[in-house]
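Heads up, the thing below is written out as structure tokens.
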Amino acid sequence: MGATVAAPTVAAQDRASRGLWHDAARRLLRNRPALLGLGLVSLFVAAAVLAPVIAPYDPIEGALVDRLKPPSSEHWMGTDLQGRDEFTRILYGAQVSLQVGVVSVFLALVMGGTLGAIAGAAGGKVDATLMRVTDVLLSIPGILLAIGIVAWLGRGLPQIMLAVAVTNAPIFARILRGSLLSLRTADYVVAARSIGAPASRILLRHMLPNALTPLIVAATLALATAIIDVAGLGFLGLGPPDPRTAEWGTMLTDSTKFLRQAPHLLFFPGIMIVLTAIGFNLLGDGLRESLDPRLKR
Amino acid sequence: MARYIVRRLLMAIPVLFGLSVVLFAFVHLLPGDPARSILGQHATAASLARLRESLGLDRPLHEQYFLYLGDLFQGDLGSSLVNGRPVLQEFMLRFPATIELTLVALLFAVGLGIPLGRLAARYAQRWPDGLVTIISLLGISIPIFVLGLTLQFFFSVQLGWTPVSGRIDPRLGIDSVTNFMLIDTLIAGEPRAFVDAVLHLILPGIALGSIPLAIITRITRAAVLDVANEDYVRTARAKGLTERRVDNRHIMRNAWLPVTTVVGLQVGGLLAGAVITESVFAWNGVGRWVVDAIRNRDYFVIQSSILIFALVFLTVNLIVDILYAYLNPRIRYS
């Protein structure tokens, strides 16, 4: 290189990189769609966490005289067939979705991450075998696999979490394996290997931290699909075993019988599912752009 | 090319084999006894034992698996425990309904998605782009059942423009010949029935096509933008070609590749989506049949139908890969 590099100015130093996460957070906060997503996700989390505090009525007990009432000042989102307050049930439904969504995506990350890390780090026959296992799982349509697992293990929240996790795990495994494989020949990995670092240390300290970004993005986007899948299972009648539990998908199934008399039973849970999914999708896209600045739109 | 196809075919074998093991294990590890679920709670021990013997359920697991595999190779996919009909026959009866629905959804997604994606790319960072981005965001965020029910509410219940559910008005008395409703109504020479079948297809087609629409739109936009920044496009503009010619000859011809791949990959997603769409619209296809089988614990139907589903899924992916290799010489010759 012939040209000399000019000394950075004070302003440039201020803007200088302060590490991947700090830079990513700064970029994320400047991304308006991502902020909207973050806002929607925060609303959803707040609804779930604060449900017992802010819900005006009981989510399970209702007065039959109040059944199928349209939205009013007393019942903002109307009432359902059992006269229960729809707004209260929406808030409690957020609890179920959040709980199942987060746990199932976390489980999927652990299962898929482990598979992907072993495959990507080991390579060769181990990789080939594990990838055929993910091929098998990916060859079954996700929702069918989830329905099958719930049918197999019986209805219940832990079963639903596992079902949604198993459908996402092979995707995570693929992503992590892909990033790890591309890192195997990276200079710093080769350098670590050449100074005799043990394989486990190379994987955990050098490769994994650099392979995590796509996984974080995928996990955020998976939260959107997980919440949709949970509602889908509920809609197909495979939701929580106690029919009184407030779950958005199950609430939608109930609405189908009263589409004409009580359309609010369709709209409110539907809008909540859509807004939550939009929130996680926007946040996931925003994370992708901020974690990988090369991917500017 | 032939070597590539053979290699891809060989790769599908272990997947199918693994799948048969998984499904076999899945069905045989299901809690509950198939014999008891057929004969009911009050069956006697003797009748249960007899049925288990006739179904081969009393043999060791590995023997049962090899019997199952043997039957599979002879095209015998077993019979439904609920109505005794052969699984393959039942599948073939319902598959046309699913294909019909899937094709309409694909037509909707491609027919609208590609023009929308091109529009967004042409007006990148301006309002049409923003609008298209919002449409595609909605597309991937609205679950099929929410969209399906909402469409039903507005267009069937409120406006009465389309039928609520089903494939055709049963009063029209159309005979099933091919089980493709559009073809059967034409064979019957009933234009009114044909229109009715089309009306029945619109809402489920849109509901099922919404996610692929969003994905195809996004990919088309990205692919067009990607190519539009290439040097040869700038050269084409610089030598004075019309915008239309640059678009058709230089941009789209190269943008088709990623778009084709994504369109192909959507077919798998559509089959999965059909499971839910068919339940919303009481569509008598394969998806609804599998869901019912799982609910009724109809073991052999579950086992075989998921295997067929996966086979279709793998075949479609294989065709897409081959098509891609055919379209893209860089893959073909590598």
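Ordering of the structure tokens sets the chain letters (A, B, ...); residue numbers start at 1 within each chain; ligands are numbered from 1 in the order shown.
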Produce a table with one row for each residue of chain B that has an atom at most 6 Å from any atom of chain A, each row naming the nearest atom pair and its distance in Å at one decimal; use only C-alpha atoms; arrange rows by chain and rising residue number; format as a Markdown table.
```
| residue | atom | partner | partner_atom | distance |
| --- | --- | --- | --- | --- |
| B:Val15 | CA | A:Val136 | CA | 5.3 |
| B:Leu19 | CA | A:Val136 | CA | 5.6 |
| B:Leu30 | CA | A:Trp152 | CA | 5.2 |
| B:Ser141 | CA | A:Ala277 | CA | 5.1 |
| B:Ile142 | CA | A:Val274 | CA | 5.2 |
| B:Val146 | CA | A:Gly270 | CA | 5.6 |
| B:Ala272 | CA | A:Pro141 | CA | 4.9 |
| B:Ala310 | CA | A:Ser139 | CA | 5.1 |
```
Query raised in the report: Out of B:Leu151, B:Ala105, B:Leu186, B:Val6, which residue has the shortest atom-to-atom distance to Ile211 in chain B when counting only C-alpha atoms?
Result: B:Ala105
Query raised in the report: Quick one, how far is CA of Val301 in chain B from CA of His28 in chain B?
Result: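 Here the two named atoms are 13.1 Å from each other.
Going from CA of Leu64 in chain A over to CA of Gly83 in chain A, you cover 4.9 Å.
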Query raised in the report: Looking only at the backbone, which of the residues in range 147-179 of chain B does DSSP tag as alpha helix (DSSP H), as a VMD selection string?
Result: chain B and resid 147 to 151
Query - For Leu130 in chain A: contacts at 9 Å, only C-alpha atoms, fewer than 3 positions along chain excluded, given as a ChimeraX atom specification - result: /A:115-116,118-119,125-127,133-135
Generate the output file for the selected residues, C-alpha atoms, as a PDB file, in the first residue's frame.
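Written file, again.pdb:
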```
ATOM      1  CA  LEU A 115     -26.769 -30.606  16.307  1.00  0.00           C
ATOM      2  CA  GLY A 116     -25.436 -27.805  14.125  1.00  0.00           C
ATOM      3  CA  ILE A 118     -21.440 -30.910  16.272  1.00  0.00           C
ATOM      4  CA  ALA A 119     -22.016 -31.195  12.521  1.00  0.00           C
ATOM      5  CA  LYS A 125     -19.260 -38.431   8.188  1.00  0.00           C
ATOM      6  CA  VAL A 126     -20.720 -37.002  11.395  1.00  0.00           C
ATOM      7  CA  ASP A 127     -21.794 -33.919   9.474  1.00  0.00           C
ATOM      8  CA  VAL A 133     -31.372 -36.366  10.031  1.00  0.00           C
ATOM      9  CA  THR A 134     -32.309 -32.725   9.523  1.00  0.00           C
ATOM     10  CA  ASP A 135     -33.330 -33.570   5.928  1.00  0.00           C
TER      11      ASP A 135
END
```
**Report entry** Residue nearest Leu149 in chain B among B:Val286, B:Ala207, B:Val246, B:Leu39 (counting only C-alpha atoms)
**Finding:**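 That would be B:Ala207, the residue with the smallest distance to Leu149 in chain B.
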Query raised in the report: Suppose you want the space between CA of Lys69 in chain A and CA of Ala51 in chain A; what is it in Å?
Result: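 CA of Lys69 in chain A sits 21.6 Å away from CA of Ala51 in chain A.
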Requested in this report: Quick one: everything within 12 Å of range 120-122 of chain A, counting only C-alpha atoms, minus sequence neighbours fewer than 5 positions away in the same chain. Send it as a PyMOL selection string.
Outcome: chain A and resi 112-115+127-131+173-185+189+199-204+206-208+211
**Report entry** Test item: residues at most 8 Å from range 190-204 of chain B, only C-alpha atoms, excluding those fewer than 6 positions along its chain, as a VMD selection string
**Finding:** chain B and resid 101 104 to 105 148 151 to 152 162 to 169 172 174 181 to 182 277 to 278 281
Generate a file of the selected residues that holds N, CA and C atoms, formatted as a PDB file, in the first residue's frame.
```
ATOM      1  N   LEU B 101     -56.126 -26.689  -5.360  1.00  0.00           N
ATOM      2  CA  LEU B 101     -56.018 -25.548  -4.440  1.00  0.00           C
ATOM      3  C   LEU B 101     -54.601 -24.958  -4.457  1.00  0.00           C
ATOM      4  N   VAL B 104     -53.901 -22.984  -7.667  1.00  0.00           N
ATOM      5  CA  VAL B 104     -54.545 -21.672  -7.681  1.00  0.00           C
ATOM      6  C   VAL B 104     -53.776 -20.708  -6.767  1.00  0.00           C
ATOM      7  N   ALA B 105     -53.364 -21.211  -5.595  1.00  0.00           N
ATOM      8  CA  ALA B 105     -52.616 -20.367  -4.664  1.00  0.00           C
ATOM      9  C   ALA B 105     -51.296 -19.937  -5.287  1.00  0.00           C
ATOM     10  N   GLY B 148     -57.945 -16.498   6.341  1.00  0.00           N
ATOM     11  CA  GLY B 148     -59.051 -17.284   5.791  1.00  0.00           C
ATOM     12  C   GLY B 148     -60.382 -16.903   6.431  1.00  0.00           C
ATOM     13  N   LEU B 151     -61.414 -13.326   5.409  1.00  0.00           N
ATOM     14  CA  LEU B 151     -61.956 -13.304   4.042  1.00  0.00           C
ATOM     15  C   LEU B 151     -63.363 -13.888   4.034  1.00  0.00           C
ATOM     16  N   GLN B 152     -63.543 -15.002   4.770  1.00  0.00           N
ATOM     17  CA  GLN B 152     -64.869 -15.621   4.850  1.00  0.00           C
ATOM     18  C   GLN B 152     -65.884 -14.621   5.402  1.00  0.00           C
ATOM     19  N   THR B 162     -68.890 -14.846  -2.353  1.00  0.00           N
ATOM     20  CA  THR B 162     -68.294 -16.174  -2.553  1.00  0.00           C
ATOM     21  C   THR B 162     -68.900 -17.150  -1.547  1.00  0.00           C
ATOM     22  N   PRO B 163     -68.856 -18.446  -1.865  1.00  0.00           N
ATOM     23  CA  PRO B 163     -69.356 -19.441  -0.906  1.00  0.00           C
ATOM     24  C   PRO B 163     -68.441 -19.496   0.328  1.00  0.00           C
ATOM     25  N   VAL B 164     -69.004 -19.898   1.467  1.00  0.00           N
ATOM     26  CA  VAL B 164     -68.216 -19.920   2.706  1.00  0.00           C
ATOM     27  C   VAL B 164     -67.168 -21.026   2.660  1.00  0.00           C
ATOM     28  N   SER B 165     -67.574 -22.227   2.262  1.00  0.00           N
ATOM     29  CA  SER B 165     -66.610 -23.336   2.302  1.00  0.00           C
ATOM     30  C   SER B 165     -67.008 -24.423   1.322  1.00  0.00           C
ATOM     31  N   GLY B 166     -66.193 -25.463   1.270  1.00  0.00           N
ATOM     32  CA  GLY B 166     -66.453 -26.583   0.366  1.00  0.00           C
ATOM     33  C   GLY B 166     -65.844 -26.350  -1.006  1.00  0.00           C
ATOM     34  N   ARG B 167     -66.054 -27.348  -1.925  1.00  0.00           N
ATOM     35  CA  ARG B 167     -65.457 -27.235  -3.253  1.00  0.00           C
ATOM     36  C   ARG B 167     -66.475 -26.882  -4.319  1.00  0.00           C
ATOM     37  N   ILE B 168     -67.734 -27.257  -4.052  1.00  0.00           N
ATOM     38  CA  ILE B 168     -68.766 -26.967  -5.046  1.00  0.00           C
ATOM     39  C   ILE B 168     -70.124 -27.098  -4.352  1.00  0.00           C
ATOM     40  N   ASP B 169     -71.108 -26.427  -4.895  1.00  0.00           N
ATOM     41  CA  ASP B 169     -72.454 -26.563  -4.349  1.00  0.00           C
ATOM     42  C   ASP B 169     -72.944 -27.993  -4.619  1.00  0.00           C
ATOM     43  N   LEU B 172     -75.580 -29.041  -7.284  1.00  0.00           N
ATOM     44  CA  LEU B 172     -75.319 -29.051  -8.721  1.00  0.00           C
ATOM     45  C   LEU B 172     -75.079 -30.468  -9.239  1.00  0.00           C
ATOM     46  N   ILE B 174     -72.464 -32.696  -9.481  1.00  0.00           N
ATOM     47  CA  ILE B 174     -71.385 -32.981 -10.442  1.00  0.00           C
ATOM     48  C   ILE B 174     -70.747 -34.336 -10.111  1.00  0.00           C
ATOM     49  N   MET B 181     -62.116 -30.467  -9.634  1.00  0.00           N
ATOM     50  CA  MET B 181     -63.460 -29.927  -9.801  1.00  0.00           C
ATOM     51  C   MET B 181     -63.597 -29.104 -11.074  1.00  0.00           C
ATOM     52  N   LEU B 182     -62.542 -28.343 -11.399  1.00  0.00           N
ATOM     53  CA  LEU B 182     -62.623 -27.496 -12.589  1.00  0.00           C
ATOM     54  C   LEU B 182     -62.758 -28.352 -13.846  1.00  0.00           C
ATOM     55  N   THR B 277     -55.384 -24.504   5.558  1.00  0.00           N
ATOM     56  CA  THR B 277     -56.394 -23.903   4.682  1.00  0.00           C
ATOM     57  C   THR B 277     -57.576 -24.853   4.500  1.00  0.00           C
ATOM     58  N   GLU B 278     -57.265 -26.136   4.298  1.00  0.00           N
ATOM     59  CA  GLU B 278     -58.343 -27.094   4.066  1.00  0.00           C
ATOM     60  C   GLU B 278     -59.233 -27.237   5.288  1.00  0.00           C
ATOM     61  N   PHE B 281     -61.548 -24.038   5.301  1.00  0.00           N
ATOM     62  CA  PHE B 281     -62.558 -23.956   4.253  1.00  0.00           C
ATOM     63  C   PHE B 281     -63.273 -25.289   4.000  1.00  0.00           C
TER      64      PHE B 281
END
```
So which residues touch range 216-220 of chain B within 8 Å, counting only C-alpha atoms, skipping near sequence neighbours fewer than 6 positions away, as a PDB file with C-alpha atoms, in the first residue's frame?
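Contents of around.pdb, freshly written:
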```pdb
ATOM      1  CA  ALA B 109     -48.728 -15.745  -5.534  1.00  0.00           C
ATOM      2  CA  VAL B 110     -46.676 -15.726  -8.747  1.00  0.00           C
ATOM      3  CA  GLY B 113     -45.853 -11.383  -6.486  1.00  0.00           C
ATOM      4  CA  ILE B 114     -43.559 -10.959  -9.491  1.00  0.00           C
ATOM      5  CA  PRO B 115     -45.196  -7.745 -10.800  1.00  0.00           C
ATOM      6  CA  LEU B 116     -45.306  -6.340  -7.249  1.00  0.00           C
ATOM      7  CA  GLY B 117     -41.636  -7.166  -6.711  1.00  0.00           C
ATOM      8  CA  ARG B 118     -40.679  -5.544 -10.030  1.00  0.00           C
ATOM      9  CA  VAL B 132     -45.270  -3.282  -1.421  1.00  0.00           C
ATOM     10  CA  THR B 133     -43.011  -3.802   1.621  1.00  0.00           C
ATOM     11  CA  SER B 136     -45.329  -8.456   1.973  1.00  0.00           C
ATOM     12  CA  ALA B 255     -33.335 -12.033 -12.133  1.00  0.00           C
ATOM     13  CA  PRO B 258     -33.422 -16.719  -7.882  1.00  0.00           C
ATOM     14  CA  VAL B 259     -37.126 -16.101  -8.492  1.00  0.00           C
ATOM     15  CA  VAL B 262     -37.989 -19.481  -4.642  1.00  0.00           C
ATOM     16  CA  VAL B 263     -41.192 -20.187  -6.541  1.00  0.00           C
TER      17      VAL B 263
END
```
**Report entry** Long-range neighbours of Leu223 in chain A as a list of chain:residue names, 7 Å cut-off, only C-alpha atoms, 6 positions minimum in chain
**Finding:**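 My reading of the contact set: A:Gly101, A:Val102, A:Val105, A:Phe280.
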